[in-house]
Each structure stands twice: as structure tokens, then as C-alpha cells.
Amino acid sequence: MKKLQYKKDINASAEKVYNTMLGIKNIETYEQWTAEFNPTSTYEGNWEKGSKIYFIGTDENGKKGGMVSEIAENIPFSFVSIRHFGILDGDNEITEGPEVEKWAGGLENYSFQETNGVTTVTIETDITEDYLDYFNSTWPRALNRLKELAEK
């Protein structure tokens, strides 16, 4: 896997950016910026350290799918680490086999650093080669959308 990093400066407090990004007060803020990845993107679960969380959406046929993950760390307004360990295929969790092995254990880390009312969001994510172009084009769009939402 490769580790990619994306950064975005947002004119809002770390608390506001964190709450907007994770959908803490309103899940719709999470769904709005992650719509860049999938228009039906949402999550089921919570952001507490150690919790299982599903990052899901539906495909063109209306079938639910996504990632089975764990919140490895959550320091409010500062740092969130998500460890992916499986995929959701409909209602079935798949946590082993060739589809999962190439990226299982991969981390997605969000850091929030506030200076003088400007928060720098840094995303570090482990990805497989075949998703490199997709993430390099989609993450910047998603962070631009997050910036719009948090600066409202």
C-alpha cells in the first residue's frame, strides 16, 4: 500500500471543522462532503475509540456496500484514526479473503491543527495502487466541499 497525504486550510475553529467533518451534530454535514466519493455516502455507528463503524453507500442497483472499520483513536478536535478491516457486501461483513487482504489494516488518519482561527486538516490514508488516481482526484474535491461547509 501507498500512504497519501492531503491538506486543506479552513477558516474555522478545529472544533467546528471536526464536528462538520464527522457529522457529530448533524450527520448530513458528513454526507455532504463525502458525496464526492459516493452520492449516497453515510455511516452507521459512532466515532468513539474502539467502536466498529460502517462507511456505506449504495451502488447503481441500490445494493448497500462499503467498509467495515474501527475507530482506532479519537481525540476530539485534534486527531481521528480509522482502521479498515473488512468490506460490507449488502448485509454481509467480509473480513478475510483476497478482496480484503490487499488493504486490510489500512489506516485513514485525520489531523486538525488550529492556528489563529484557521484549521489545517491533514488526511493521511493508506491505499492500494489501483485506487491512486481515484483518491488523488476525489480527496481534493471532498476537502474543498468540507471547507465550504465548515466556513458557513
# chains A, B, ... in the order shown; residues from 1 in each chain; ligands from 1
call {"tool": "residues_around", "arguments": {"residues": "A:Asp89", "least_positions_apart": "3", "cutoff": "8 Å", "atoms": "only C-alpha atoms", "output": "number ranges by chain"}}
result
A: 64-66, 92-94
call {"tool": "residues_around", "arguments": {"residues": "stretch 52-54 of chain A", "least_positions_apart": "4", "cutoff": "9 Å", "atoms": "only C-alpha atoms", "output": "PyMOL selection string"}}
result
chain A and resi 42-48+66-71+87-88
call {"tool": "write_last_selection", "arguments": {"atoms": "N, CA, C and O atoms", "output": "PDB file, in the first residue's frame"}}
result
ATOM      1  N   THR A  42     -22.739   7.554   3.664  1.00  0.00           N
ATOM      2  CA  THR A  42     -23.121   7.823   5.042  1.00  0.00           C
ATOM      3  C   THR A  42     -22.322   6.877   5.939  1.00  0.00           C
ATOM      4  O   THR A  42     -21.433   6.174   5.473  1.00  0.00           O
ATOM      5  N   TYR A  43     -22.640   6.875   7.213  1.00  0.00           N
ATOM      6  CA  TYR A  43     -22.032   5.900   8.115  1.00  0.00           C
ATOM      7  C   TYR A  43     -23.073   5.403   9.100  1.00  0.00           C
ATOM      8  O   TYR A  43     -24.094   6.045   9.345  1.00  0.00           O
ATOM      9  N   GLU A  44     -22.794   4.220   9.646  1.00  0.00           N
ATOM     10  CA  GLU A  44     -23.601   3.643  10.719  1.00  0.00           C
ATOM     11  C   GLU A  44     -22.639   3.295  11.834  1.00  0.00           C
ATOM     12  O   GLU A  44     -21.646   2.608  11.608  1.00  0.00           O
ATOM     13  N   GLY A  45     -22.929   3.788  13.026  1.00  0.00           N
ATOM     14  CA  GLY A  45     -22.049   3.556  14.167  1.00  0.00           C
ATOM     15  C   GLY A  45     -21.721   4.888  14.796  1.00  0.00           C
ATOM     16  O   GLY A  45     -22.444   5.878  14.610  1.00  0.00           O
ATOM     17  N   ASN A  46     -20.611   4.920  15.539  1.00  0.00           N
ATOM     18  CA  ASN A  46     -20.206   6.180  16.161  1.00  0.00           C
ATOM     19  C   ASN A  46     -18.690   6.304  16.122  1.00  0.00           C
ATOM     20  O   ASN A  46     -17.993   5.386  15.723  1.00  0.00           O
ATOM     21  N   TRP A  47     -18.217   7.454  16.550  1.00  0.00           N
ATOM     22  CA  TRP A  47     -16.812   7.822  16.430  1.00  0.00           C
ATOM     23  C   TRP A  47     -16.012   7.578  17.704  1.00  0.00           C
ATOM     24  O   TRP A  47     -14.884   8.044  17.819  1.00  0.00           O
ATOM     25  N   GLU A  48     -16.557   6.838  18.668  1.00  0.00           N
ATOM     26  CA  GLU A  48     -15.822   6.581  19.912  1.00  0.00           C
ATOM     27  C   GLU A  48     -14.682   5.591  19.664  1.00  0.00           C
ATOM     28  O   GLU A  48     -14.835   4.629  18.921  1.00  0.00           O
ATOM     29  N   GLY A  66     -19.789  -1.155   1.383  1.00  0.00           N
ATOM     30  CA  GLY A  66     -18.858  -0.200   1.960  1.00  0.00           C
ATOM     31  C   GLY A  66     -17.773  -0.859   2.779  1.00  0.00           C
ATOM     32  O   GLY A  66     -17.415  -2.012   2.549  1.00  0.00           O
ATOM     33  N   MET A  67     -17.276  -0.101   3.748  1.00  0.00           N
ATOM     34  CA  MET A  67     -16.132  -0.516   4.554  1.00  0.00           C
ATOM     35  C   MET A  67     -16.570  -0.866   5.972  1.00  0.00           C
ATOM     36  O   MET A  67     -17.418  -0.184   6.546  1.00  0.00           O
ATOM     37  N   VAL A  68     -15.946  -1.905   6.509  1.00  0.00           N
ATOM     38  CA  VAL A  68     -16.108  -2.249   7.914  1.00  0.00           C
ATOM     39  C   VAL A  68     -14.840  -1.765   8.601  1.00  0.00           C
ATOM     40  O   VAL A  68     -13.726  -2.147   8.221  1.00  0.00           O
ATOM     41  N   SER A  69     -15.002  -0.899   9.588  1.00  0.00           N
ATOM     42  CA  SER A  69     -13.843  -0.224  10.172  1.00  0.00           C
ATOM     43  C   SER A  69     -13.977  -0.120  11.682  1.00  0.00           C
ATOM     44  O   SER A  69     -15.039  -0.381  12.249  1.00  0.00           O
ATOM     45  N   GLU A  70     -12.872   0.288  12.297  1.00  0.00           N
ATOM     46  CA  GLU A  70     -12.829   0.532  13.732  1.00  0.00           C
ATOM     47  C   GLU A  70     -12.215   1.905  13.962  1.00  0.00           C
ATOM     48  O   GLU A  70     -11.289   2.299  13.260  1.00  0.00           O
ATOM     49  N   ILE A  71     -12.748   2.620  14.942  1.00  0.00           N
ATOM     50  CA  ILE A  71     -12.151   3.895  15.328  1.00  0.00           C
ATOM     51  C   ILE A  71     -10.964   3.552  16.234  1.00  0.00           C
ATOM     52  O   ILE A  71     -11.133   3.164  17.386  1.00  0.00           O
ATOM     53  N   ILE A  87     -15.024  -5.428   4.310  1.00  0.00           N
ATOM     54  CA  ILE A  87     -15.967  -4.778   3.416  1.00  0.00           C
ATOM     55  C   ILE A  87     -17.370  -5.269   3.744  1.00  0.00           C
ATOM     56  O   ILE A  87     -17.566  -6.371   4.265  1.00  0.00           O
ATOM     57  N   LEU A  88     -18.321  -4.427   3.441  1.00  0.00           N
ATOM     58  CA  LEU A  88     -19.726  -4.758   3.623  1.00  0.00           C
ATOM     59  C   LEU A  88     -20.297  -4.998   2.232  1.00  0.00           C
ATOM     60  O   LEU A  88     -20.193  -4.142   1.350  1.00  0.00           O
TER      61      LEU A  88
END
call {"tool": "atom_distance", "arguments": {"atom1": "atom CA of A:Asn109", "atom2": "atom CA of A:Gly62"}}
result
29.2 Å
call {"tool": "residues_around", "arguments": {"residues": "stretch 123-136 of chain A", "least_positions_apart": "2", "cutoff": "6 Å", "atoms": "only C-alpha atoms", "output": "ChimeraX atom specification"}}
result
/A:1-6,106-110,138-139
call {"tool": "write_last_selection", "arguments": {"atoms": "N, CA, C and O atoms", "output": "short mmCIF file (atom, residue, chain, number, x, y, z; two decimals), in the first residue's frame"}}
result
data_model
loop_
_atom_site.label_atom_id
_atom_site.label_comp_id
_atom_site.auth_asym_id
_atom_site.auth_seq_id
_atom_site.Cartn_x
_atom_site.Cartn_y
_atom_site.Cartn_z
N MET A 1 0.83 -1.19 0.00
CA MET A 1 0.00 0.00 0.00
C MET A 1 0.86 1.24 0.00
O MET A 1 1.98 1.24 0.48
N LYS A 2 0.30 2.29 -0.52
CA LYS A 2 0.96 3.60 -0.51
C LYS A 2 0.27 4.48 0.52
O LYS A 2 -0.92 4.36 0.75
N LYS A 3 1.05 5.39 1.12
CA LYS A 3 0.49 6.37 2.04
C LYS A 3 0.40 7.70 1.31
O LYS A 3 1.38 8.20 0.79
N LEU A 4 -0.81 8.22 1.23
CA LEU A 4 -1.04 9.51 0.58
C LEU A 4 -1.39 10.54 1.64
O LEU A 4 -1.94 10.21 2.69
N GLN A 5 -1.10 11.80 1.34
CA GLN A 5 -1.43 12.88 2.27
C GLN A 5 -2.09 14.02 1.49
O GLN A 5 -1.66 14.37 0.39
N TYR A 6 -3.13 14.56 2.10
CA TYR A 6 -3.84 15.71 1.55
C TYR A 6 -4.03 16.72 2.67
O TYR A 6 -4.27 16.34 3.82
N GLY A 106 -5.34 -1.10 6.76
CA GLY A 106 -5.01 0.24 6.30
C GLY A 106 -5.63 1.29 7.19
O GLY A 106 -6.72 1.11 7.73
N LEU A 107 -4.92 2.39 7.37
CA LEU A 107 -5.39 3.48 8.23
C LEU A 107 -5.80 4.69 7.40
O LEU A 107 -5.24 4.95 6.34
N GLU A 108 -6.75 5.42 7.94
CA GLU A 108 -7.16 6.71 7.42
C GLU A 108 -7.12 7.64 8.62
O GLU A 108 -7.87 7.46 9.58
N ASN A 109 -6.18 8.58 8.62
CA ASN A 109 -5.98 9.48 9.76
C ASN A 109 -6.34 10.91 9.40
O ASN A 109 -5.94 11.41 8.35
N TYR A 110 -7.10 11.55 10.30
CA TYR A 110 -7.49 12.95 10.14
C TYR A 110 -6.86 13.74 11.27
O TYR A 110 -7.10 13.44 12.45
N THR A 138 -10.31 12.68 -6.10
CA THR A 138 -11.52 12.82 -5.27
C THR A 138 -11.25 13.49 -3.93
O THR A 138 -12.06 14.32 -3.49
N TRP A 139 -10.16 13.16 -3.24
CA TRP A 139 -9.90 13.78 -1.93
C TRP A 139 -9.83 15.30 -2.00
O TRP A 139 -10.44 15.99 -1.17
#
call {"tool": "residues_around", "arguments": {"residues": "A:Glu96", "least_positions_apart": "3", "cutoff": "10 Å", "atoms": "only C-alpha atoms", "output": "number ranges by chain"}}
result
A: 85-87, 93, 99-101, 104
call {"tool": "write_last_selection", "arguments": {"atoms": "C-alpha atoms", "output": "PDB file, in the first residue's frame"}}
result
ATOM      1  CA  PHE A  85     -10.591  -4.294   8.281  1.00  0.00           C
ATOM      2  CA  GLY A  86     -13.357  -5.502   6.013  1.00  0.00           C
ATOM      3  CA  ILE A  87     -15.967  -4.778   3.416  1.00  0.00           C
ATOM      4  CA  GLU A  93     -19.321  -8.488   6.539  1.00  0.00           C
ATOM      5  CA  GLU A  99     -10.648  -8.848  -1.760  1.00  0.00           C
ATOM      6  CA  VAL A 100      -9.781  -7.758   1.773  1.00  0.00           C
ATOM      7  CA  GLU A 101      -6.165  -8.928   2.197  1.00  0.00           C
ATOM      8  CA  ALA A 104      -6.903  -4.777   5.447  1.00  0.00           C
TER       9      ALA A 104
END
call {"tool": "closest_residue", "arguments": {"among": "A:Lys102, A:Lys152, A:Lys16, A:Arg83", "to": "A:Phe55", "atoms": "only C-alpha atoms"}}
result
A:Arg83
call {"tool": "residues_around", "arguments": {"residues": "stretch 22-34 of chain A", "least_positions_apart": "2", "cutoff": "10 Å", "atoms": "only C-alpha atoms", "output": "compact mmCIF listing (two decimals) with C-alpha atoms, in the first residue's frame"}}
result
# COMPACT_ATOMS: atom_id res chain seq x y z
CA LYS A 16 -16.20 23.31 14.01
CA VAL A 17 -14.17 21.53 11.32
CA TYR A 18 -14.07 18.28 13.36
CA ASN A 19 -17.83 18.40 14.07
CA THR A 20 -18.60 19.19 10.41
CA GLU A 36 -17.73 13.41 -3.66
CA PHE A 37 -16.83 9.73 -3.13
CA ASN A 38 -20.38 8.36 -3.44
CA PRO A 39 -23.61 10.42 -3.63
CA THR A 40 -25.25 8.06 -1.10
CA SER A 41 -22.31 8.04 1.33
CA THR A 42 -23.12 7.82 5.04
CA TYR A 43 -22.03 5.90 8.11
CA GLU A 44 -23.60 3.64 10.72
CA ASN A 46 -20.21 6.18 16.16
CA TRP A 47 -16.81 7.82 16.43
CA GLY A 57 -23.34 3.80 0.31
CA VAL A 80 -9.06 10.65 14.39
CA THR A 138 -11.52 12.82 -5.27
CA TRP A 139 -9.90 13.78 -1.93
CA ARG A 141 -12.74 17.84 -4.18
CA ALA A 142 -14.05 16.36 -0.92
CA LEU A 143 -11.82 18.67 1.15
CA ASN A 144 -12.98 21.69 -0.89
CA ARG A 145 -16.58 20.72 -0.08
CA LEU A 146 -15.69 20.29 3.62
CA LYS A 147 -14.13 23.77 3.57
CA GLU A 148 -17.35 25.26 2.12
CA LEU A 149 -19.47 23.56 4.78
CA ALA A 150 -17.25 24.44 7.76
call {"tool": "select_by_dssp", "arguments": {"residues": "stretch 3-97 of chain A", "states": "strand (DSSP E)", "output": "PDB file with N, CA and C atoms, in the first residue's frame"}}
result
ATOM      1  N   LYS A   3       1.050   5.391   1.123  1.00  0.00           N
ATOM      2  CA  LYS A   3       0.487   6.370   2.045  1.00  0.00           C
ATOM      3  C   LYS A   3       0.396   7.699   1.305  1.00  0.00           C
ATOM      4  N   LEU A   4      -0.815   8.222   1.229  1.00  0.00           N
ATOM      5  CA  LEU A   4      -1.039   9.508   0.582  1.00  0.00           C
ATOM      6  C   LEU A   4      -1.395  10.542   1.641  1.00  0.00           C
ATOM      7  N   GLN A   5      -1.100  11.800   1.343  1.00  0.00           N
ATOM      8  CA  GLN A   5      -1.425  12.883   2.269  1.00  0.00           C
ATOM      9  C   GLN A   5      -2.086  14.020   1.492  1.00  0.00           C
ATOM     10  N   TYR A   6      -3.131  14.563   2.102  1.00  0.00           N
ATOM     11  CA  TYR A   6      -3.845  15.709   1.548  1.00  0.00           C
ATOM     12  C   TYR A   6      -4.027  16.717   2.669  1.00  0.00           C
ATOM     13  N   LYS A   7      -3.940  18.016   2.333  1.00  0.00           N
ATOM     14  CA  LYS A   7      -4.097  19.080   3.333  1.00  0.00           C
ATOM     15  C   LYS A   7      -5.032  20.152   2.804  1.00  0.00           C
ATOM     16  N   LYS A   8      -5.745  20.786   3.747  1.00  0.00           N
ATOM     17  CA  LYS A   8      -6.617  21.900   3.377  1.00  0.00           C
ATOM     18  C   LYS A   8      -6.708  22.843   4.569  1.00  0.00           C
ATOM     19  N   ASP A   9      -6.486  24.141   4.302  1.00  0.00           N
ATOM     20  CA  ASP A   9      -6.686  25.170   5.320  1.00  0.00           C
ATOM     21  C   ASP A   9      -8.137  25.625   5.270  1.00  0.00           C
ATOM     22  N   ILE A  10      -8.759  25.662   6.444  1.00  0.00           N
ATOM     23  CA  ILE A  10     -10.173  26.027   6.550  1.00  0.00           C
ATOM     24  C   ILE A  10     -10.306  27.153   7.569  1.00  0.00           C
ATOM     25  N   THR A  42     -22.739   7.554   3.664  1.00  0.00           N
ATOM     26  CA  THR A  42     -23.121   7.823   5.042  1.00  0.00           C
ATOM     27  C   THR A  42     -22.322   6.877   5.939  1.00  0.00           C
ATOM     28  N   TYR A  43     -22.640   6.875   7.213  1.00  0.00           N
ATOM     29  CA  TYR A  43     -22.032   5.900   8.115  1.00  0.00           C
ATOM     30  C   TYR A  43     -23.073   5.403   9.100  1.00  0.00           C
ATOM     31  N   GLU A  44     -22.794   4.220   9.646  1.00  0.00           N
ATOM     32  CA  GLU A  44     -23.601   3.643  10.719  1.00  0.00           C
ATOM     33  C   GLU A  44     -22.639   3.295  11.834  1.00  0.00           C
ATOM     34  N   GLY A  45     -22.929   3.788  13.026  1.00  0.00           N
ATOM     35  CA  GLY A  45     -22.049   3.556  14.167  1.00  0.00           C
ATOM     36  C   GLY A  45     -21.721   4.888  14.796  1.00  0.00           C
ATOM     37  N   LYS A  52     -16.878  -0.081  16.352  1.00  0.00           N
ATOM     38  CA  LYS A  52     -16.997  -0.507  14.959  1.00  0.00           C
ATOM     39  C   LYS A  52     -17.881   0.511  14.256  1.00  0.00           C
ATOM     40  N   ILE A  53     -17.529   0.823  13.017  1.00  0.00           N
ATOM     41  CA  ILE A  53     -18.294   1.787  12.230  1.00  0.00           C
ATOM     42  C   ILE A  53     -18.326   1.298  10.785  1.00  0.00           C
ATOM     43  N   TYR A  54     -19.477   1.462  10.153  1.00  0.00           N
ATOM     44  CA  TYR A  54     -19.625   1.111   8.745  1.00  0.00           C
ATOM     45  C   TYR A  54     -19.669   2.404   7.930  1.00  0.00           C
ATOM     46  N   PHE A  55     -18.831   2.478   6.897  1.00  0.00           N
ATOM     47  CA  PHE A  55     -18.873   3.576   5.939  1.00  0.00           C
ATOM     48  C   PHE A  55     -19.548   3.014   4.706  1.00  0.00           C
ATOM     49  N   ILE A  56     -20.772   3.465   4.447  1.00  0.00           N
ATOM     50  CA  ILE A  56     -21.593   2.788   3.448  1.00  0.00           C
ATOM     51  C   ILE A  56     -22.185   3.743   2.426  1.00  0.00           C
ATOM     52  N   GLY A  57     -22.609   3.135   1.367  1.00  0.00           N
ATOM     53  CA  GLY A  57     -23.345   3.798   0.309  1.00  0.00           C
ATOM     54  C   GLY A  57     -24.060   2.714  -0.476  1.00  0.00           C
ATOM     55  N   THR A  58     -24.818   3.130  -1.463  1.00  0.00           N
ATOM     56  CA  THR A  58     -25.478   2.151  -2.314  1.00  0.00           C
ATOM     57  C   THR A  58     -24.939   2.276  -3.734  1.00  0.00           C
ATOM     58  N   LYS A  64     -26.519  -2.043  -0.839  1.00  0.00           N
ATOM     59  CA  LYS A  64     -25.660  -1.421   0.165  1.00  0.00           C
ATOM     60  C   LYS A  64     -24.284  -2.086   0.161  1.00  0.00           C
ATOM     61  N   GLY A  65     -23.248  -1.263   0.322  1.00  0.00           N
ATOM     62  CA  GLY A  65     -21.896  -1.784   0.403  1.00  0.00           C
ATOM     63  C   GLY A  65     -21.004  -0.753   1.053  1.00  0.00           C
ATOM     64  N   GLY A  66     -19.789  -1.155   1.383  1.00  0.00           N
ATOM     65  CA  GLY A  66     -18.858  -0.200   1.960  1.00  0.00           C
ATOM     66  C   GLY A  66     -17.773  -0.859   2.779  1.00  0.00           C
ATOM     67  N   MET A  67     -17.276  -0.101   3.748  1.00  0.00           N
ATOM     68  CA  MET A  67     -16.132  -0.516   4.554  1.00  0.00           C
ATOM     69  C   MET A  67     -16.570  -0.866   5.972  1.00  0.00           C
ATOM     70  N   VAL A  68     -15.946  -1.905   6.509  1.00  0.00           N
ATOM     71  CA  VAL A  68     -16.108  -2.249   7.914  1.00  0.00           C
ATOM     72  C   VAL A  68     -14.840  -1.765   8.601  1.00  0.00           C
ATOM     73  N   SER A  69     -15.002  -0.899   9.588  1.00  0.00           N
ATOM     74  CA  SER A  69     -13.843  -0.224  10.172  1.00  0.00           C
ATOM     75  C   SER A  69     -13.977  -0.120  11.682  1.00  0.00           C
ATOM     76  N   GLU A  70     -12.872   0.288  12.297  1.00  0.00           N
ATOM     77  CA  GLU A  70     -12.829   0.532  13.732  1.00  0.00           C
ATOM     78  C   GLU A  70     -12.215   1.905  13.962  1.00  0.00           C
ATOM     79  N   ILE A  71     -12.748   2.620  14.942  1.00  0.00           N
ATOM     80  CA  ILE A  71     -12.151   3.895  15.328  1.00  0.00           C
ATOM     81  C   ILE A  71     -10.964   3.552  16.234  1.00  0.00           C
ATOM     82  N   ALA A  72      -9.762   3.639  15.662  1.00  0.00           N
ATOM     83  CA  ALA A  72      -8.542   3.276  16.399  1.00  0.00           C
ATOM     84  C   ALA A  72      -8.182   4.340  17.425  1.00  0.00           C
ATOM     85  N   GLU A  73      -8.521   5.603  17.112  1.00  0.00           N
ATOM     86  CA  GLU A  73      -8.243   6.712  18.046  1.00  0.00           C
ATOM     87  C   GLU A  73      -9.181   7.854  17.718  1.00  0.00           C
ATOM     88  N   ASN A  74      -9.586   8.578  18.749  1.00  0.00           N
ATOM     89  CA  ASN A  74     -10.375   9.785  18.549  1.00  0.00           C
ATOM     90  C   ASN A  74     -10.071  10.750  19.682  1.00  0.00           C
ATOM     91  N   ILE A  75      -9.309  11.778  19.356  1.00  0.00           N
ATOM     92  CA  ILE A  75      -9.005  12.858  20.288  1.00  0.00           C
ATOM     93  C   ILE A  75      -9.767  14.066  19.744  1.00  0.00           C
ATOM     94  N   PHE A  79      -7.447  14.713  16.455  1.00  0.00           N
ATOM     95  CA  PHE A  79      -6.964  13.572  15.679  1.00  0.00           C
ATOM     96  C   PHE A  79      -7.981  12.433  15.691  1.00  0.00           C
ATOM     97  N   VAL A  80      -8.214  11.836  14.530  1.00  0.00           N
ATOM     98  CA  VAL A  80      -9.058  10.655  14.393  1.00  0.00           C
ATOM     99  C   VAL A  80      -8.314   9.653  13.519  1.00  0.00           C
ATOM    100  N   SER A  81      -8.289   8.404  13.972  1.00  0.00           N
ATOM    101  CA  SER A  81      -7.670   7.332  13.189  1.00  0.00           C
ATOM    102  C   SER A  81      -8.695   6.225  12.969  1.00  0.00           C
ATOM    103  N   ILE A  82      -8.877   5.866  11.706  1.00  0.00           N
ATOM    104  CA  ILE A  82      -9.822   4.822  11.318  1.00  0.00           C
ATOM    105  C   ILE A  82      -9.017   3.664  10.740  1.00  0.00           C
ATOM    106  N   ARG A  83      -9.246   2.460  11.285  1.00  0.00           N
ATOM    107  CA  ARG A  83      -8.575   1.261  10.760  1.00  0.00           C
ATOM    108  C   ARG A  83      -9.618   0.440  10.012  1.00  0.00           C
ATOM    109  N   HIS A  84      -9.373   0.239   8.726  1.00  0.00           N
ATOM    110  CA  HIS A  84     -10.291  -0.531   7.898  1.00  0.00           C
ATOM    111  C   HIS A  84      -9.915  -2.003   7.973  1.00  0.00           C
ATOM    112  N   PHE A  85     -10.923  -2.868   8.191  1.00  0.00           N
ATOM    113  CA  PHE A  85     -10.591  -4.294   8.281  1.00  0.00           C
ATOM    114  C   PHE A  85     -11.532  -5.206   7.518  1.00  0.00           C
ATOM    115  N   GLY A  86     -12.472  -4.644   6.787  1.00  0.00           N
ATOM    116  CA  GLY A  86     -13.357  -5.502   6.013  1.00  0.00           C
ATOM    117  C   GLY A  86     -14.217  -4.699   5.071  1.00  0.00           C
ATOM    118  N   ILE A  87     -15.024  -5.428   4.310  1.00  0.00           N
ATOM    119  CA  ILE A  87     -15.967  -4.778   3.416  1.00  0.00           C
ATOM    120  C   ILE A  87     -17.370  -5.269   3.744  1.00  0.00           C
ATOM    121  N   LEU A  88     -18.321  -4.427   3.441  1.00  0.00           N
ATOM    122  CA  LEU A  88     -19.726  -4.758   3.623  1.00  0.00           C
ATOM    123  C   LEU A  88     -20.297  -4.998   2.232  1.00  0.00           C
ATOM    124  N   ASP A  89     -20.858  -6.189   2.041  1.00  0.00           N
ATOM    125  CA  ASP A  89     -21.474  -6.568   0.778  1.00  0.00           C
ATOM    126  C   ASP A  89     -22.933  -6.860   1.097  1.00  0.00           C
ATOM    127  N   ASN A  92     -23.674  -8.485   4.538  1.00  0.00           N
ATOM    128  CA  ASN A  92     -22.617  -9.432   4.896  1.00  0.00           C
ATOM    129  C   ASN A  92     -21.287  -8.732   5.105  1.00  0.00           C
ATOM    130  N   GLU A  93     -20.674  -8.988   6.262  1.00  0.00           N
ATOM    131  CA  GLU A  93     -19.321  -8.488   6.539  1.00  0.00           C
ATOM    132  C   GLU A  93     -18.319  -9.491   5.990  1.00  0.00           C
ATOM    133  N   ILE A  94     -17.388  -9.010   5.189  1.00  0.00           N
ATOM    134  CA  ILE A  94     -16.315  -9.863   4.668  1.00  0.00           C
ATOM    135  C   ILE A  94     -15.014  -9.331   5.253  1.00  0.00           C
TER     136      ILE A  94
END
call {"tool": "decode", "arguments": {"residues": "stretch 77-84 of chain A", "atoms": "all heavy atoms", "output": "JSON list (two decimals), in the first residue's frame"}}
result
[["chain", "number", "residue", "atom", "x", "y", "z"],
["A", 77, "PHE", "N", -11.38, 17.23, 18.24],
["A", 77, "PHE", "CA", -10.85, 18.48, 17.67],
["A", 77, "PHE", "C", -9.37, 18.40, 17.33],
["A", 77, "PHE", "O", -8.76, 19.41, 17.01],
["A", 77, "PHE", "CB", -11.12, 19.69, 18.57],
["A", 77, "PHE", "CG", -12.43, 19.63, 19.31],
["A", 77, "PHE", "CD1", -12.48, 19.88, 20.67],
["A", 77, "PHE", "CD2", -13.61, 19.31, 18.66],
["A", 77, "PHE", "CE1", -13.69, 19.82, 21.36],
["A", 77, "PHE", "CE2", -14.83, 19.24, 19.35],
["A", 77, "PHE", "CZ", -14.86, 19.50, 20.70],
["A", 78, "SER", "N", -8.76, 17.20, 17.39],
["A", 78, "SER", "CA", -7.33, 17.07, 17.18],
["A", 78, "SER", "C", -6.95, 15.95, 16.19],
["A", 78, "SER", "O", -6.23, 16.18, 15.24],
["A", 78, "SER", "CB", -6.65, 16.86, 18.53],
["A", 78, "SER", "OG", -5.27, 16.72, 18.36],
["A", 79, "PHE", "N", -7.45, 14.71, 16.45],
["A", 79, "PHE", "CA", -6.96, 13.57, 15.68],
["A", 79, "PHE", "C", -7.98, 12.43, 15.69],
["A", 79, "PHE", "O", -8.54, 12.10, 16.74],
["A", 79, "PHE", "CB", -5.64, 13.07, 16.26],
["A", 79, "PHE", "CG", -5.04, 11.90, 15.55],
["A", 79, "PHE", "CD1", -4.44, 12.05, 14.31],
["A", 79, "PHE", "CD2", -5.10, 10.63, 16.10],
["A", 79, "PHE", "CE1", -3.88, 10.96, 13.64],
["A", 79, "PHE", "CE2", -4.55, 9.54, 15.44],
["A", 79, "PHE", "CZ", -3.95, 9.70, 14.22],
["A", 80, "VAL", "N", -8.21, 11.84, 14.53],
["A", 80, "VAL", "CA", -9.06, 10.65, 14.39],
["A", 80, "VAL", "C", -8.31, 9.65, 13.52],
["A", 80, "VAL", "O", -7.77, 10.02, 12.47],
["A", 80, "VAL", "CB", -10.42, 10.99, 13.74],
["A", 80, "VAL", "CG1", -11.24, 9.73, 13.51],
["A", 80, "VAL", "CG2", -11.20, 11.98, 14.59],
["A", 81, "SER", "N", -8.29, 8.40, 13.97],
["A", 81, "SER", "CA", -7.67, 7.33, 13.19],
["A", 81, "SER", "C", -8.70, 6.22, 12.97],
["A", 81, "SER", "O", -9.30, 5.73, 13.93],
["A", 81, "SER", "CB", -6.44, 6.78, 13.91],
["A", 81, "SER", "OG", -5.85, 5.75, 13.14],
["A", 82, "ILE", "N", -8.88, 5.87, 11.71],
["A", 82, "ILE", "CA", -9.82, 4.82, 11.32],
["A", 82, "ILE", "C", -9.02, 3.66, 10.74],
["A", 82, "ILE", "O", -8.21, 3.86, 9.84],
["A", 82, "ILE", "CB", -10.80, 5.35, 10.25],
["A", 82, "ILE", "CG1", -11.51, 6.60, 10.75],
["A", 82, "ILE", "CG2", -11.78, 4.26, 9.83],
["A", 82, "ILE", "CD1", -12.14, 7.43, 9.64],
["A", 83, "ARG", "N", -9.25, 2.46, 11.28],
["A", 83, "ARG", "CA", -8.57, 1.26, 10.76],
["A", 83, "ARG", "C", -9.62, 0.44, 10.01],
["A", 83, "ARG", "O", -10.62, 0.02, 10.58],
["A", 83, "ARG", "CB", -7.97, 0.43, 11.89],
["A", 83, "ARG", "CG", -7.17, -0.78, 11.38],
["A", 83, "ARG", "CD", -6.48, -1.53, 12.50],
["A", 83, "ARG", "NE", -7.40, -1.97, 13.54],
["A", 83, "ARG", "CZ", -8.16, -3.07, 13.48],
["A", 83, "ARG", "NH1", -8.11, -3.85, 12.42],
["A", 83, "ARG", "NH2", -8.96, -3.39, 14.47],
["A", 84, "HIS", "N", -9.37, 0.24, 8.73],
["A", 84, "HIS", "CA", -10.29, -0.53, 7.90],
["A", 84, "HIS", "C", -9.92, -2.00, 7.97],
["A", 84, "HIS", "O", -8.74, -2.35, 7.86],
["A", 84, "HIS", "CB", -10.23, -0.05, 6.45],
["A", 84, "HIS", "CG", -10.57, 1.40, 6.29],
["A", 84, "HIS", "ND1", -11.80, 1.92, 6.62],
["A", 84, "HIS", "CD2", -9.83, 2.45, 5.87],
["A", 84, "HIS", "CE1", -11.81, 3.22, 6.38],
["A", 84, "HIS", "NE2", -10.62, 3.57, 5.93]]
